[in-house]
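Chemist: So here's target.cif, just mmCIF, C-alpha atoms:
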data_query
#
loop_
_atom_site.label_atom_id
_atom_site.label_comp_id
_atom_site.auth_asym_id
_atom_site.auth_seq_id
_atom_site.Cartn_x
_atom_site.Cartn_y
_atom_site.Cartn_z
CA MET A 1 -2.12 -64.43 7.00
CA GLN A 2 -0.48 -67.82 7.37
CA ALA A 3 0.93 -67.44 3.85
CA VAL A 4 2.49 -64.11 4.89
CA LYS A 5 4.15 -65.78 7.90
CA GLU A 6 5.58 -68.52 5.71
CA ARG A 7 6.92 -65.97 3.23
CA ILE A 8 8.53 -63.98 6.04
CA GLY A 9 10.30 -67.10 7.26
CA LYS A 10 11.69 -67.80 3.80
CA VAL A 11 12.91 -64.33 2.84
CA ALA A 12 14.18 -63.26 6.28
CA ARG A 13 17.42 -65.22 5.81
CA SER A 14 18.16 -63.50 2.51
CA MET A 15 19.96 -60.18 2.07
CA ALA A 16 17.76 -59.18 -0.88
CA PRO A 17 15.67 -56.00 -0.52
CA VAL A 18 12.05 -56.63 0.47
CA HIS A 19 9.08 -54.45 -0.49
CA ILE A 20 5.93 -54.67 1.65
CA HIS A 21 2.65 -53.60 0.07
CA GLY A 22 -0.60 -53.19 1.97
CA GLU A 23 -3.34 -50.76 2.88
CA SER A 24 -2.93 -48.31 5.71
CA GLY A 25 -3.29 -49.97 9.09
CA THR A 26 -2.54 -53.53 7.97
CA GLY A 27 0.67 -53.79 10.00
CA LYS A 28 3.46 -53.22 7.48
CA GLU A 29 5.92 -52.14 10.16
CA LEU A 30 5.20 -55.30 12.16
CA VAL A 31 6.14 -57.37 9.10
CA ALA A 32 9.36 -55.36 8.74
CA ARG A 33 10.23 -56.00 12.39
CA ALA A 34 9.51 -59.72 11.93
CA LEU A 35 11.83 -59.79 8.91
CA HIS A 36 14.59 -58.15 10.95
CA ALA A 37 14.06 -60.37 14.00
CA ASN A 38 14.30 -63.58 11.92
CA SER A 39 17.30 -62.48 9.85
CA GLN A 40 21.02 -62.82 10.44
CA ARG A 41 21.06 -59.10 11.28
CA ALA A 42 18.79 -59.47 14.31
CA GLY A 43 21.65 -58.36 16.55
CA GLY A 44 22.04 -55.11 14.61
CA PRO A 45 19.88 -51.99 14.72
CA LEU A 46 16.51 -51.60 13.03
CA VAL A 47 15.99 -48.00 11.89
CA ALA A 48 12.41 -47.20 10.83
CA VAL A 49 11.92 -44.07 8.71
CA ASN A 50 8.63 -42.48 7.65
CA CYS A 51 9.61 -40.92 4.32
CA GLY A 52 6.46 -38.82 4.11
CA ALA A 53 7.11 -37.06 7.43
CA ILE A 54 10.51 -35.52 6.55
CA PRO A 55 10.63 -32.04 4.95
CA GLU A 56 12.00 -32.16 1.42
CA ASN A 57 14.89 -29.78 2.15
CA LEU A 58 16.12 -32.05 4.98
CA LEU A 59 15.91 -35.40 3.21
CA GLU A 60 19.54 -35.59 2.08
CA ALA A 61 20.94 -34.66 5.50
CA GLU A 62 18.58 -37.07 7.29
CA PHE A 63 19.36 -40.01 5.00
CA PHE A 64 23.10 -39.56 4.40
CA GLY A 65 24.25 -37.41 7.34
CA ALA A 66 25.91 -33.99 7.41
CA LYS A 67 29.27 -32.53 8.28
CA LYS A 68 29.88 -29.67 10.66
CA GLY A 69 29.21 -26.34 8.97
CA SER A 70 27.46 -27.88 5.95
CA TYR A 71 24.33 -25.81 6.67
CA THR A 72 23.15 -23.20 9.13
CA GLY A 73 22.99 -24.72 12.61
CA ALA A 74 25.23 -27.72 11.83
CA THR A 75 27.54 -27.35 14.84
CA HIS A 76 28.84 -30.91 14.71
CA ASP A 77 28.96 -33.97 12.47
CA ARG A 78 25.80 -36.04 12.50
CA ALA A 79 25.07 -39.50 11.16
CA GLY A 80 22.24 -40.21 8.77
CA PHE A 81 19.81 -43.11 8.64
CA PHE A 82 22.18 -45.21 6.53
CA GLN A 83 25.03 -44.79 9.04
CA ALA A 84 22.70 -45.42 12.01
CA ALA A 85 21.47 -48.71 10.48
CA LYS A 86 24.97 -50.00 9.70
CA GLY A 87 25.03 -53.77 10.23
CA GLY A 88 21.24 -53.91 10.58
CA THR A 89 18.04 -53.14 8.68
CA LEU A 90 16.83 -49.81 7.28
CA PHE A 91 13.02 -49.75 6.99
CA LEU A 92 11.75 -47.05 4.61
CA ASP A 93 8.03 -46.67 5.23
CA GLU A 94 5.87 -44.81 2.68
CA ILE A 95 8.67 -44.94 0.11
CA GLY A 96 6.20 -43.73 -2.53
CA ASP A 97 6.15 -40.25 -0.93
CA LEU A 98 9.80 -39.53 -1.78
CA PRO A 99 10.30 -36.77 -4.40
CA LEU A 100 11.99 -37.71 -7.67
CA ALA A 101 15.19 -35.82 -6.84
CA MET A 102 15.67 -37.84 -3.66
CA GLN A 103 14.81 -41.07 -5.47
CA THR A 104 17.84 -40.53 -7.73
CA LYS A 105 20.18 -40.10 -4.75
CA LEU A 106 18.69 -43.11 -2.98
CA LEU A 107 19.18 -45.25 -6.09
CA ARG A 108 22.89 -44.38 -6.20
CA ALA A 109 23.30 -45.19 -2.51
CA ILE A 110 21.71 -48.62 -3.05
CA GLN A 111 23.81 -49.38 -6.12
CA GLU A 112 27.16 -48.21 -4.74
CA ARG A 113 26.52 -49.28 -1.13
CA SER A 114 28.03 -45.98 -0.06
CA VAL A 115 26.75 -42.51 0.80
CA ARG A 116 28.26 -39.04 0.80
CA PRO A 117 27.24 -36.93 3.80
CA LEU A 118 26.16 -33.36 3.14
CA GLY A 119 29.25 -31.17 3.01
CA ALA A 120 31.68 -34.10 2.66
CA THR A 121 34.05 -34.80 -0.22
CA GLN A 122 34.47 -38.54 0.33
CA GLU A 123 31.89 -41.32 0.34
CA GLU A 124 31.33 -43.64 3.28
CA VAL A 125 30.70 -47.37 2.84
CA VAL A 126 27.46 -48.56 4.48
CA ASP A 127 26.23 -52.09 5.13
CA VAL A 128 22.45 -52.18 5.50
CA ARG A 129 19.55 -54.31 4.37
CA LEU A 130 16.71 -52.34 2.83
CA VAL A 131 13.06 -53.04 3.58
CA SER A 132 10.53 -50.65 2.04
CA ALA A 133 6.77 -50.33 2.35
CA THR A 134 3.94 -48.29 0.88
CA HIS A 135 0.18 -48.31 0.53
CA ARG A 136 0.45 -47.06 -3.07
CA ASP A 137 0.64 -49.12 -6.24
CA LEU A 138 4.26 -48.42 -7.22
CA ALA A 139 3.82 -50.03 -10.65
CA GLN A 140 1.09 -47.51 -11.41
CA GLU A 141 3.22 -44.70 -9.97
CA VAL A 142 5.99 -45.70 -12.39
CA GLU A 143 3.59 -45.58 -15.34
CA GLN A 144 2.45 -42.09 -14.34
CA GLY A 145 6.03 -40.84 -13.97
CA ARG A 146 5.92 -40.24 -10.21
CA PHE A 147 8.36 -43.02 -9.29
CA ARG A 148 11.62 -44.06 -10.93
CA GLN A 149 11.44 -47.38 -12.73
CA ASP A 150 15.04 -48.34 -11.93
CA LEU A 151 14.51 -47.65 -8.22
CA TYR A 152 11.31 -49.70 -8.30
CA TYR A 153 13.20 -52.74 -9.59
CA ARG A 154 15.95 -52.22 -6.98
CA LEU A 155 13.48 -52.17 -4.09
CA ASN A 156 10.96 -54.74 -5.31
CA VAL A 157 13.28 -57.77 -5.44
CA ILE A 158 10.99 -59.68 -3.04
CA GLU A 159 7.41 -58.50 -2.49
CA VAL A 160 5.29 -59.28 0.55
CA ARG A 161 1.63 -58.36 0.18
CA ILE A 162 -0.45 -57.96 3.35
CA PRO A 163 -4.16 -58.56 2.69
CA PRO A 164 -6.64 -56.14 4.29
CA LEU A 165 -8.58 -57.24 7.34
CA ARG A 166 -11.81 -57.66 5.38
CA GLU A 167 -10.13 -60.43 3.34
CA ARG A 168 -8.96 -62.43 6.37
CA ARG A 169 -11.81 -62.42 8.87
CA GLU A 170 -10.68 -65.80 10.13
CA ASP A 171 -7.79 -63.96 11.82
CA LEU A 172 -10.10 -61.66 13.82
CA PRO A 173 -10.49 -63.86 16.95
CA ALA A 174 -6.73 -64.35 17.28
CA LEU A 175 -6.09 -60.66 16.62
CA ILE A 176 -8.66 -59.58 19.19
CA GLU A 177 -7.18 -61.90 21.81
CA ALA A 178 -3.63 -60.66 21.19
CA LEU A 179 -4.66 -56.98 21.11
CA LEU A 180 -6.74 -57.29 24.29
CA ALA A 181 -3.83 -58.91 26.12
CA ARG A 182 -1.47 -56.11 25.12
CA LEU A 183 -3.97 -53.31 25.82
CA ALA A 184 -4.82 -54.79 29.23
CA ARG A 185 -1.14 -55.00 30.11
CA ASP A 186 -0.47 -51.42 28.99
CA SER A 187 -3.59 -50.03 30.72
CA GLY A 188 -3.17 -51.94 33.98
CA PHE A 189 -6.34 -54.07 33.67
CA GLU A 190 -6.21 -57.40 35.49
CA HIS A 191 -8.88 -59.15 33.43
CA VAL A 192 -10.50 -58.24 30.11
CA GLU A 193 -12.89 -60.54 28.28
CA ALA A 194 -14.94 -60.12 25.12
CA SER A 195 -18.51 -61.38 25.37
CA PRO A 196 -19.92 -63.55 22.54
CA ALA A 197 -22.31 -60.75 21.56
CA PHE A 198 -19.39 -58.33 21.37
CA MET A 199 -17.42 -60.74 19.18
CA ALA A 200 -20.41 -61.17 16.85
CA ALA A 201 -20.81 -57.40 16.54
CA VAL A 202 -17.11 -56.97 15.78
CA LEU A 203 -17.14 -59.68 13.12
CA ARG A 204 -19.93 -57.86 11.26
CA ARG A 205 -17.93 -54.64 10.84
CA PRO A 206 -16.15 -53.88 7.53
CA PHE A 207 -13.01 -52.37 9.16
CA PRO A 208 -11.82 -50.01 6.39
CA GLY A 209 -9.05 -48.94 8.78
CA ASN A 210 -7.85 -52.54 9.17
CA VAL A 211 -5.92 -53.52 12.31
CA ARG A 212 -5.49 -49.92 13.47
CA GLU A 213 -9.27 -49.42 13.51
CA LEU A 214 -9.74 -52.72 15.35
CA GLU A 215 -7.24 -51.68 18.01
CA ASN A 216 -8.97 -48.32 18.51
CA LEU A 217 -12.35 -50.06 18.84
CA LEU A 218 -11.02 -52.44 21.51
CA HIS A 219 -9.33 -49.60 23.38
CA ARG A 220 -12.57 -47.60 23.42
CA ALA A 221 -14.62 -50.60 24.61
CA MET A 222 -12.13 -51.25 27.44
CA ALA A 223 -12.39 -47.64 28.57
CA LEU A 224 -16.21 -47.84 28.70
CA SER A 225 -16.32 -51.22 30.44
CA GLU A 226 -16.69 -51.24 34.22
CA ASP A 227 -16.28 -54.95 34.99
CA GLY A 228 -13.77 -55.97 32.31
CA ILE A 229 -16.45 -57.59 30.12
CA LEU A 230 -16.73 -56.06 26.66
CA ARG A 231 -20.30 -55.81 25.41
CA PRO A 232 -21.72 -54.71 22.03
CA GLU A 233 -23.15 -51.48 23.47
CA TYR A 234 -19.56 -50.32 24.05
CA ILE A 235 -18.95 -50.20 20.31
CA ASP A 236 -19.25 -46.53 19.47
CA ASP A 237 -19.97 -45.92 15.79
CA ALA A 238 -18.72 -42.33 16.07
CA GLY A 239 -15.23 -43.55 15.21
CA SER A 240 -16.30 -45.51 12.14
CA LEU A 241 -15.70 -44.13 8.66
CA ALA A 242 -18.89 -45.76 7.43
CA HIS A 243 -20.86 -43.85 10.07
CA ALA A 244 -19.00 -40.59 9.49
CA SER A 245 -19.49 -40.71 5.73
CA ALA A 246 -23.27 -41.09 5.94
CA ALA A 247 -24.98 -38.35 3.98
CA PRO A 248 -26.77 -35.73 6.11
CA ALA A 249 -30.54 -35.36 5.89
CA PRO A 250 -31.63 -33.10 3.02
CA TYR A 251 -32.59 -29.56 3.87
CA SER A 252 -36.31 -28.95 4.32
CA ALA A 253 -37.86 -25.57 4.79
CA ALA A 254 -40.48 -27.14 7.05
CA ASP A 255 -37.74 -28.22 9.44
CA HIS A 256 -37.01 -24.58 10.17
CA ALA A 257 -40.61 -23.47 10.69
CA PRO A 258 -41.28 -21.96 14.16
CA ASN A 259 -43.76 -24.65 15.25
CA HIS A 260 -42.15 -27.62 13.50
CA THR A 261 -41.12 -30.61 15.58
CA PRO A 262 -38.38 -32.81 14.04
CA THR A 263 -39.37 -36.33 13.16
CA GLY A 264 -38.80 -38.76 16.00
CA THR A 265 -38.41 -36.00 18.62
CA ALA A 266 -41.01 -35.42 21.29
CA PRO A 267 -42.25 -31.84 21.70
CA LEU A 268 -40.84 -29.91 24.62
CA ALA A 269 -44.31 -29.23 26.04
CA ALA A 270 -47.89 -30.24 25.32
CA PRO A 271 -49.66 -27.88 22.94
CA VAL A 272 -51.81 -25.28 24.72
CA ALA A 273 -55.51 -25.64 23.93
CA ALA A 274 -57.23 -22.57 22.52
CA PRO A 275 -59.84 -20.93 24.79
CA ALA A 276 -63.47 -21.78 24.09
CA ALA A 277 -64.40 -18.15 23.41
CA MET A 278 -61.85 -17.83 20.64
CA PRO A 279 -63.65 -17.76 17.27
CA ALA A 280 -62.66 -20.24 14.61
CA ALA A 281 -60.37 -18.99 11.91
CA PRO A 282 -62.14 -18.27 8.62
CA ALA A 283 -61.52 -20.63 5.75
CA VAL A 284 -60.58 -17.79 3.41
CA VAL A 285 -58.65 -14.78 4.55
CA THR A 286 -59.79 -11.61 2.79
CA PRO A 287 -57.14 -8.94 2.55
CA VAL A 288 -57.99 -5.76 4.43
CA ALA A 289 -58.05 -2.64 2.32
CA ILE A 290 -55.50 -0.12 3.47
CA PRO A 291 -56.45 3.53 2.88
CA ALA A 292 -54.31 5.29 0.38
CA VAL A 293 -51.68 7.52 1.86
CA ALA A 294 -50.26 10.36 -0.11
CA PRO A 295 -46.62 9.73 -0.85
CA ALA A 296 -44.10 11.95 0.81
CA PRO A 297 -42.52 14.54 -1.44
CA PRO A 298 -39.27 13.28 -2.87
CA VAL A 299 -36.11 14.57 -1.31
CA VAL A 300 -34.26 16.60 -3.87
CA GLU A 301 -30.53 16.26 -3.37
CA PRO A 302 -28.16 18.86 -4.75
CA PRO A 303 -26.46 17.74 -7.93
CA PRO A 304 -22.97 16.35 -7.47
CA PRO A 305 -20.17 18.78 -8.18
CA ALA A 306 -18.95 18.72 -11.72
CA PRO A 307 -15.62 16.95 -12.15
CA ALA A 308 -12.59 19.12 -12.50
CA PRO A 309 -11.72 19.77 -16.14
CA PRO A 310 -8.77 17.78 -17.41
CA PRO A 311 -5.50 19.59 -18.05
CA ALA A 312 -5.01 21.18 -21.40
CA SER A 313 -2.66 18.44 -22.53
CA PHE A 314 -5.01 15.64 -21.46
CA HIS A 315 -7.82 14.20 -23.54
CA THR A 316 -10.22 11.40 -22.64
CA GLY A 317 -9.52 9.72 -25.92
CA ALA A 318 -5.76 10.17 -25.65
CA ALA A 319 -3.34 7.30 -25.64
CA PRO A 320 -2.22 5.76 -22.31
CA TRP A 321 1.18 7.47 -22.53
CA MET A 322 -0.56 10.85 -22.36
CA GLN A 323 -2.47 9.80 -19.23
CA TYR A 324 0.87 8.64 -17.79
CA GLN A 325 2.22 12.16 -18.47
CA ALA A 326 -0.66 13.71 -16.54
CA GLN A 327 0.19 11.59 -13.47
CA PHE A 328 3.54 13.35 -13.17
CA ALA A 329 1.82 16.57 -12.11
CA MET A 330 2.97 17.26 -8.51
CA PRO A 331 1.61 20.61 -7.24
CA SER A 332 3.46 20.17 -3.92
CA LEU A 333 6.76 20.40 -5.79
CA GLY A 334 5.58 23.12 -8.16
CA LEU A 335 5.66 20.72 -11.10
CA PRO A 336 3.72 21.42 -14.31
CA THR A 337 0.11 20.28 -14.36
CA GLY A 338 -0.37 20.26 -18.08
CA SER A 339 -0.24 24.01 -18.64
CA GLY A 340 2.45 26.51 -17.89
CA ALA A 341 6.17 26.54 -18.44
CA ALA A 342 7.68 23.50 -20.08
CA PRO A 343 10.41 21.59 -18.24
CA ALA A 344 14.04 22.26 -18.91
CA PRO A 345 15.21 20.48 -22.05
CA ALA A 346 17.32 17.34 -21.63
CA PRO A 347 20.62 16.85 -23.43
CA ASN A 348 18.99 14.30 -25.70
CA ALA A 349 15.94 16.41 -26.29
CA SER A 350 16.53 16.14 -30.01
CA ALA A 351 15.16 12.60 -29.83
CA ALA A 352 11.89 13.88 -28.35
CA PRO A 353 8.95 14.89 -30.55
CA ALA A 354 9.99 17.42 -33.12
CA ALA A 355 7.31 19.90 -32.17
CA HIS A 356 4.54 19.83 -29.60
CA ALA A 357 2.04 21.11 -32.11
CA SER A 358 -1.50 21.21 -30.90
CA SER A 359 -4.63 21.33 -32.92
CA ALA A 360 -7.82 22.65 -31.41
CA SER A 361 -10.52 20.04 -31.27
CA ALA A 362 -14.26 20.55 -31.13
CA GLY A 363 -14.19 20.80 -27.35
CA GLY A 364 -11.18 23.10 -27.22
CA ALA A 365 -8.78 20.47 -25.77
CA THR A 366 -5.40 19.87 -27.34
CA VAL A 367 -3.92 16.49 -28.18
CA GLU A 368 -0.16 16.02 -28.41
CA PRO A 369 1.25 13.77 -31.09
CA LEU A 370 2.81 10.43 -30.21
CA PRO A 371 6.54 10.65 -29.49
CA SER A 372 8.87 9.24 -32.07
CA ASP A 373 11.20 7.97 -29.29
CA LEU A 374 9.27 6.84 -26.22
CA GLN A 375 12.35 6.22 -24.05
CA ALA A 376 13.75 9.68 -24.75
CA TRP A 377 10.39 11.24 -23.96
CA LEU A 378 10.15 9.31 -20.66
CA ASP A 379 13.71 10.34 -19.75
CA GLU A 380 12.77 13.96 -20.40
CA GLN A 381 9.74 13.72 -18.09
CA GLU A 382 11.77 11.96 -15.37
CA ARG A 383 14.53 14.54 -15.66
CA ALA A 384 12.02 17.37 -15.25
CA VAL A 385 10.52 15.74 -12.14
CA LEU A 386 13.94 15.20 -10.55
CA ILE A 387 15.03 18.79 -11.26
CA ARG A 388 11.83 20.17 -9.72
CA ALA A 389 12.25 17.94 -6.66
CA LEU A 390 15.89 19.02 -6.21
CA GLN A 391 14.90 22.65 -6.51
CA ALA A 392 12.10 22.22 -3.97
CA ALA A 393 14.50 20.47 -1.57
CA ARG A 394 17.28 23.08 -2.17
CA TYR A 395 19.38 20.35 -3.79
CA ASN A 396 19.29 18.14 -0.71
CA ARG A 397 19.22 14.75 -2.40
CA THR A 398 18.01 12.91 0.69
CA ALA A 399 15.01 15.22 1.04
CA ALA A 400 14.30 15.08 -2.68
CA ALA A 401 14.39 11.29 -2.61
CA ALA A 402 11.93 11.25 0.29
CA MET A 403 9.54 13.49 -1.69
CA LEU A 404 9.58 11.05 -4.60
CA GLY A 405 9.39 7.85 -2.53
CA LEU A 406 12.95 6.82 -3.43
CA ASN A 407 16.01 6.02 -1.39
CA LEU A 408 19.31 7.84 -1.70
CA ARG A 409 20.92 5.19 -3.89
CA GLN A 410 18.02 5.22 -6.35
CA ILE A 411 17.98 8.99 -6.77
CA ARG A 412 21.78 9.05 -7.17
CA TYR A 413 21.53 6.51 -9.96
CA ARG A 414 18.87 8.53 -11.77
CA ILE A 415 20.79 11.80 -11.37
CA GLU A 416 23.92 10.25 -12.86
CA ARG A 417 22.04 8.51 -15.68
CA LEU A 418 20.20 11.67 -16.75
CA ASN A 419 23.20 13.99 -16.19
CA ILE A 420 21.33 16.27 -13.79
CA PRO A 421 23.36 18.97 -11.97
CA THR A 422 23.39 18.49 -8.21
CA GLU A 423 24.05 22.17 -7.41
CA PRO A 424 22.05 25.25 -8.38
CA ASP A 425 23.23 27.19 -11.40
CA THR A 426 24.65 30.42 -9.90
CA ARG A 427 25.65 31.88 -13.23
CA ALA A 428 23.92 35.21 -13.95
#
Would you mind giving the structure from this file in structure tokens?
Modeler:
Amino acid sequence: MQAVKERIGKVARSMAPVHIHGESGTGKELVARALHANSQRAGGPLVAVNCGAIPENLLEAEFFGAKKGSYTGATHDRAGFFQAAKGGTLFLDEIGDLPLAMQTKLLRAIQERSVRPLGATQEEVVDVRLVSATHRDLAQEVEQGRFRQDLYYRLNVIEVRIPPLRERREDLPALIEALLARLARDSGFEHVEASPAFMAAVLRRPFPGNVRELENLLHRAMALSEDGILRPEYIDDAGSLAHASAAPAPYSAADHAPNHTPTGTAPLAAPVAAPAAMPAAPAVVTPVAIPAVAPAPPVVEPPPPAPAPPPASFHTGAAPWMQYQAQFAMPSLGLPTGSGAAPAPAPNASAAPAAHASSASAGGATVEPLPSDLQAWLDEQERAVLIRALQAARYNRTAAAAMLGLNLRQIRYRIERLNIPTEPDTRA
């Protein structure tokens, strides 16, 4: 960690962008604040942004600002992160979570040192120093096409790598002392001290969560301590990933037997001794013969009703278009059900099948030939349905549309397209 401090002291005076790389919980934001505090911009603002916590549709407005009326709810002009950090440092945490579209806009803002707020026509000059951080390997993200290569080179001018806590255990005593002092001050404790046994137990832990996990452990131990002395029994493994990821015991059918007692658990009560008069169980259990019982007479259910015969124009082996025709039968409107009067001919009926010739099959059903013009045939069927619906509704188009599940605009369109009269034919 001493090497990180020395590197911070060297690069803090520069205006070059700095990229901080480290695992989650290693303290990347603390390094960014140290860079800002030791730079010439220490008197300016430090704006920290978590790029992964901003919805994608709000990124541009949050970064570059927005003008009044540029989107719904924009009642006044608002500054973005670049404008808010003017003269200071803009810290972009989790920069690897930015989508590619926003990466392109961010690259232009870095190159031009100006941004265009949402809804504006002119660009605004901004003066910020960029510090970015991520737990991802950006070089690998570039190779896999998830991060722009040109933006990577713009951000990674100077790299500061923070080693995980498991690689710098010599820093643990100093970290524990500093964290305990801050936690005691924030919690109102007058005196907090870590016992040697507690320190030894802490030093043996792997800390996959790094400094954040260490801080949580100390906070938990302080809450459990009554005299301000932290002891190893206050370390609760329930918050450790290593403990949480332990595999559960395999399932055993014997564990769920009625009289089974789990291993390592005392029985709830002493077993009750059998009375002396109770005979011993035989070694071999002989099955008892059960007298034969005459089976009950089977219940004879009436046969299911025979399905209704298909219409004359419908055949089980017919093509799907013929089954589609049968679905147009609407008895409530008095429409044809496959037999009876044919619908009124359409003006383009000449494009329909030349003749609806039927040939008697072995079962007596008739099969219509395929239409030579499917669209004309469908128009003819639709026209017949609309005419029947209008007649049933006495040419009230609203009522006819309701019968067919349409709205008034839809039925008007179909009536005009198929040239259907909207009034009854009163000619004798």
Chemist: Could you tell me which residues the PyMOL selection byres ((chain A and resi 83) around 9) grabs in this file, written as a list in words?
Modeler: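 Applying the PyMOL selection byres ((chain A and resi 83) around 9) to the structure shown produces Phe63, Phe64, Gly65, Ala79, Gly80, Phe81, Phe82, Ala84, Ala85, Lys86, Val115, Glu124, Val125, Val126, Asp127 and Val128 of chain A.
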Chemist: Here is a test: counting all atoms listed in the file, which residue of A:Leu151, A:Gly145, A:Leu58, A:Thr89 is nearest to Ile110 of chain A?
Modeler: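 Among the listed residues, the smallest separation from Ile110 of chain A belongs to A:Leu151.
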Chemist: Selection in question (the file shown): the PyMOL selection byres ((chain A and resi 71) around 12). Which residues does it include, as a ChimeraX atom specification?
Modeler: /A:57-58,60-61,65-70,72-78,117-120
Chemist: Carefully work through the PyMOL selection byres ((chain A and resi 224-230) around 10) for this structure and note down the residues it includes, as a list in words.
Modeler: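 Evaluating the PyMOL selection byres ((chain A and resi 224-230) around 10) on this file yields Ala184, Phe189, Glu190, His191, Val192, Glu193, Ala194, Ser195, Pro196, Ala197, Phe198, Met199, Leu218, His219, Arg220, Ala221, Met222, Ala223, Arg231, Pro232, Glu233, Tyr234, Ile235 and Asp236 of chain A.
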Chemist: Which of these residues is nearest to Pro421 of chain A, using only C-alpha atoms: A:Arg397, A:Arg136, A:Arg41, A:His19?
Modeler: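 The answer is A:Arg397, which sits nearest to Pro421 of chain A.
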Chemist: Using all atoms listed in the file for the distances, tell me which of A:Leu386, A:Leu404, A:Ala109, A:Leu374 is nearest to Glu416 of chain A.
Modeler: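 Of the candidates, the smallest distance to Glu416 of chain A is held by A:Leu386.
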Chemist: Pick out the residues sitting within 8 Å of Arg166 of chain A, and hand them over as a list in words; count only C-alpha atoms, and ignore anything fewer than 2 positions along from it in its own chain.
Modeler: Pro164, Arg168, Arg169, Pro206, Phe207, Pro208 and Asn210 of chain A
Chemist: Those selected residues, please, written with C-alpha atoms and delivered as an mmCIF file, in the coordinates of the input.
Modeler:
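What landed in selection-v7.cif:
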data_model
loop_
_atom_site.group_PDB
_atom_site.id
_atom_site.type_symbol
_atom_site.label_atom_id
_atom_site.label_comp_id
_atom_site.auth_asym_id
_atom_site.auth_seq_id
_atom_site.Cartn_x
_atom_site.Cartn_y
_atom_site.Cartn_z
ATOM 1 C CA PRO A 164 -6.640 -56.140 4.290
ATOM 2 C CA ARG A 168 -8.960 -62.430 6.370
ATOM 3 C CA ARG A 169 -11.810 -62.420 8.870
ATOM 4 C CA PRO A 206 -16.150 -53.880 7.530
ATOM 5 C CA PHE A 207 -13.010 -52.370 9.160
ATOM 6 C CA PRO A 208 -11.820 -50.010 6.390
ATOM 7 C CA ASN A 210 -7.850 -52.540 9.170
#
Chemist: From the options A:Arg412, A:Lys5, A:Arg417, A:His36, which residue's atoms come nearest to Glu380 of chain A, counting only C-alpha atoms?
Modeler: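 Under the stated criterion, the closest residue is A:Arg417.
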Chemist: Given the choices A:Val11, A:Leu390, A:Gly25, A:Ala53, which gets closest to Ser39 of chain A if the distance is worked out from only C-alpha atoms?
Modeler: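 Smallest separation from Ser39 of chain A among the options: A:Val11.
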Chemist: To one decimal place in Å, what is the distance between atom CA of Arg388 of chain A and atom CA of Glu423 of chain A?
Modeler: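 Distance between the two atoms: 12.6 Å.
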Chemist: Enclose the full set of atoms of segment 33-46 of chain A listed in the file within a box whose edges lie along x, y and z, apply 8 Å of padding to each of the six sides, and report centre and edge lengths in Å to one decimal as JSON.
Modeler:
{"center_x": 15.8, "center_y": -57.6, "center_z": 12.7, "size_x": 28.5, "size_y": 28.0, "size_z": 23.6}
Chemist: So how many Å separate atom CA of Leu130 of chain A and atom CA of Arg161 of chain A, to one decimal?
Modeler: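 Atom-to-atom, atom CA of Leu130 of chain A to atom CA of Arg161 of chain A, that is 16.5 Å.
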Chemist: Given the choices A:Arg205, A:Lys105, A:Arg7, A:Arg409, which gets closest to Leu165 of chain A if the distance is worked out from only C-alpha atoms?
Modeler: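 So, comparing all the options, the nearest one is A:Arg205.
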Chemist: Interatomic distance between atom CA of Ala12 of chain A and atom CA of Arg182 of chain A?
Modeler: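 We find that atom CA of Ala12 of chain A and atom CA of Arg182 of chain A lie 25.5 Å from each other.
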Chemist: N, CA and C atoms are what I want for segment 173-181 of chain A; can you complete it accordingly and write them as a CSV table (one decimal), keeping the file's coordinate frame?
Modeler:
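The resulting file, part.csv, is shown below:
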chain,number,residue,atom,x,y,z
A,173,PRO,N,-10.5,-63.4,15.6
A,173,PRO,CA,-10.5,-63.9,17.0
A,173,PRO,C,-9.1,-63.9,17.5
A,174,ALA,N,-8.1,-64.3,16.8
A,174,ALA,CA,-6.7,-64.4,17.3
A,174,ALA,C,-6.2,-62.9,17.4
A,175,LEU,N,-6.5,-62.0,16.5
A,175,LEU,CA,-6.1,-60.7,16.6
A,175,LEU,C,-6.7,-60.0,17.8
A,176,ILE,N,-8.0,-60.2,18.0
A,176,ILE,CA,-8.7,-59.6,19.2
A,176,ILE,C,-8.0,-60.1,20.5
A,177,GLU,N,-7.8,-61.4,20.6
A,177,GLU,CA,-7.2,-61.9,21.8
A,177,GLU,C,-5.8,-61.3,22.1
A,178,ALA,N,-5.0,-61.2,21.0
A,178,ALA,CA,-3.6,-60.7,21.2
A,178,ALA,C,-3.7,-59.2,21.5
A,179,LEU,N,-4.6,-58.4,20.8
A,179,LEU,CA,-4.7,-57.0,21.1
A,179,LEU,C,-5.2,-56.7,22.5
A,180,LEU,N,-6.2,-57.5,22.9
A,180,LEU,CA,-6.7,-57.3,24.3
A,180,LEU,C,-5.7,-57.6,25.3
A,181,ALA,N,-4.9,-58.6,25.1
A,181,ALA,CA,-3.8,-58.9,26.1
A,181,ALA,C,-2.8,-57.8,26.2
